[in-house]
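Below is one structure, written out as structure tokens; the observations come after it.
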Amino acid sequence: STKVKKGRSIEAMEDSATGVTYTRRSFGGMPSPPREGDMQERLLSDHGGVVRQEVQEEKKASKLLVAFVFLLFVVLRSMDRVFNKRVQDRMVNYQLMYMNVLWPIGVQVMTVFMCWVYVEQQNAKAKALGKEKLYDYTFFLPGSALASKNGSYPQWRLGLFSFWDEVNAVFTSLPGPYISLTMQSILTNLNVVWTVVISIFYLGARYGQAHYAGCLLIVLSGLVAVTVELQSGSGLNTYVSATGTTLTTSSLWYIVFVLGTIPAGISNCYKEKVLKTQDLDIMYAVLWSGYWQILWGFL
């Protein structure tokens, strides 16, 4: 299209190679070539628009992935608690053996498989980018240079990763057969409260009103749940002993369970500090802390 005004005309033209539309002015019917700066500016503008669209699509995909992973975690965690409760009820006199020996070994088998998938994924990314493989079998060995960006990492520190988890497992598994699954789910959330309290002093973390309100709701939910059981008239909870007699749960088991959530808060804060300050590979940390937890379980 051409618009003429006072001897000047402006032509809209499209570059067949790039598909970019540009304008050029003509004086007295003699067209002048488009300026190189104008074409570069339009090319950069169009390229920037494509990049922004790709970034928005990636953000949208990331949000959907986060929602899916969170939902999957909630479902698997619920299944895990139901399964553990059923096993503990049937192994009322052997729950320490189950939670401290059998359970860590089973979890470690799955952890090794996940780490193998992780290594293959990292190598696939490197191959796609035309880089050399960074991960090999040494990732699974103690003292691996792939443990962090600074090289190997002390094993005794990785042992502390799982030490507090093991203490938590001991204290919360003992009352397991005597406390209902619903009550266990409620009281387990107290580890969030302990994490907040410990992180304020250990990590120097600061929280907003919404976080404190959430912690208050967790504490109140536990108090309400215990109050409801007391008002039922049959005591806190009932369980069937090995002789088939129905007994009432002692309040001591509730205290032991609540105290068992404190090590979980310590573990969360310690892991956060190490992972942030040492730039530790999280999969390597999970792998070797799992081996250490098996050792703690036998001890």
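Just remember, in the structure tokens the first chain shown is A, the second B, etc., residues are 1-based per chain, and ligands are 1-based in the order shown.
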
Exercise. Show which residues sit within 8 Å of segment 107-121 of chain A, as an MDAnalysis selection string. Count only C-alpha atoms, and ignore same-chain residues fewer than 2 positions away.
Key: chainID A and resid 103:105 123:125 135:136 283:284 286:287 290:291

Open item on the list: List the spatial neighbours of Ile179 of chain A as number ranges by chain - criterion: any atom at most 8 Å away, only C-alpha atoms, same-chain residues fewer than 2 positions off excluded.
Closed with: A: 175-177, 181, 183-184, 237, 249, 253-254

Based on the selection just made, write N, CA, C and O atoms of those residues as a PDB file, in the first residue's frame.
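out.pdb was written with the following content:
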```
ATOM      1  N   PRO A 175       4.699 -45.369  69.752  1.00  0.00           N
ATOM      2  CA  PRO A 175       3.273 -45.197  70.072  1.00  0.00           C
ATOM      3  C   PRO A 175       2.340 -45.529  68.917  1.00  0.00           C
ATOM      4  O   PRO A 175       1.110 -45.441  69.081  1.00  0.00           O
ATOM      5  N   GLY A 176       2.896 -45.896  67.755  1.00  0.00           N
ATOM      6  CA  GLY A 176       2.079 -46.108  66.567  1.00  0.00           C
ATOM      7  C   GLY A 176       0.883 -47.017  66.761  1.00  0.00           C
ATOM      8  O   GLY A 176      -0.235 -46.667  66.365  1.00  0.00           O
ATOM      9  N   PRO A 177       1.068 -48.202  67.361  1.00  0.00           N
ATOM     10  CA  PRO A 177      -0.084 -49.110  67.496  1.00  0.00           C
ATOM     11  C   PRO A 177      -1.145 -48.617  68.478  1.00  0.00           C
ATOM     12  O   PRO A 177      -2.269 -49.133  68.467  1.00  0.00           O
ATOM     13  N   LEU A 181      -4.827 -43.584  63.433  1.00  0.00           N
ATOM     14  CA  LEU A 181      -4.166 -43.029  62.252  1.00  0.00           C
ATOM     15  C   LEU A 181      -4.509 -41.557  62.073  1.00  0.00           C
ATOM     16  O   LEU A 181      -3.646 -40.745  61.716  1.00  0.00           O
ATOM     17  N   MET A 183      -5.261 -39.372  64.407  1.00  0.00           N
ATOM     18  CA  MET A 183      -4.529 -38.591  65.392  1.00  0.00           C
ATOM     19  C   MET A 183      -3.046 -38.497  65.030  1.00  0.00           C
ATOM     20  O   MET A 183      -2.419 -37.449  65.210  1.00  0.00           O
ATOM     21  N   GLN A 184      -2.477 -39.569  64.510  1.00  0.00           N
ATOM     22  CA  GLN A 184      -1.076 -39.524  64.090  1.00  0.00           C
ATOM     23  C   GLN A 184      -0.864 -38.491  62.984  1.00  0.00           C
ATOM     24  O   GLN A 184       0.135 -37.764  62.980  1.00  0.00           O
ATOM     25  N   ASN A 237      -7.846 -43.282  73.437  1.00  0.00           N
ATOM     26  CA  ASN A 237      -7.992 -44.192  72.297  1.00  0.00           C
ATOM     27  C   ASN A 237      -7.956 -45.617  72.832  1.00  0.00           C
ATOM     28  O   ASN A 237      -7.431 -45.882  73.914  1.00  0.00           O
ATOM     29  N   THR A 249      -5.526 -46.287  75.608  1.00  0.00           N
ATOM     30  CA  THR A 249      -4.172 -45.774  75.395  1.00  0.00           C
ATOM     31  C   THR A 249      -3.774 -44.823  76.510  1.00  0.00           C
ATOM     32  O   THR A 249      -4.543 -43.935  76.895  1.00  0.00           O
ATOM     33  N   TRP A 253       1.831 -42.156  75.751  1.00  0.00           N
ATOM     34  CA  TRP A 253       2.150 -42.418  74.347  1.00  0.00           C
ATOM     35  C   TRP A 253       1.962 -41.164  73.496  1.00  0.00           C
ATOM     36  O   TRP A 253       2.711 -40.941  72.546  1.00  0.00           O
ATOM     37  N   TYR A 254       0.992 -40.333  73.813  1.00  0.00           N
ATOM     38  CA  TYR A 254       0.793 -39.079  73.084  1.00  0.00           C
ATOM     39  C   TYR A 254       1.962 -38.134  73.317  1.00  0.00           C
ATOM     40  O   TYR A 254       2.425 -37.445  72.394  1.00  0.00           O
TER      41      TYR A 254
END
```

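The residue that comes closest to Met99 of chain A, out of A:Ser162, A:Arg157, A:Ile294, A:Gly265 and on the basis of only C-alpha atoms, is A:Ile294.
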
Applying 10 Å and only C-alpha atoms, which residues near Asn168 of chain A remain after dropping the ones on its own chain fewer than 2 positions away? List them as a ChimeraX atom specification. /A:162-166,170-173,191,257-267

How would you write, as a PyMOL selection string, the set of residues in segment 93-283 of chain A that DSSP gives as strand (DSSP E)? chain A and resi 238-240+246-248
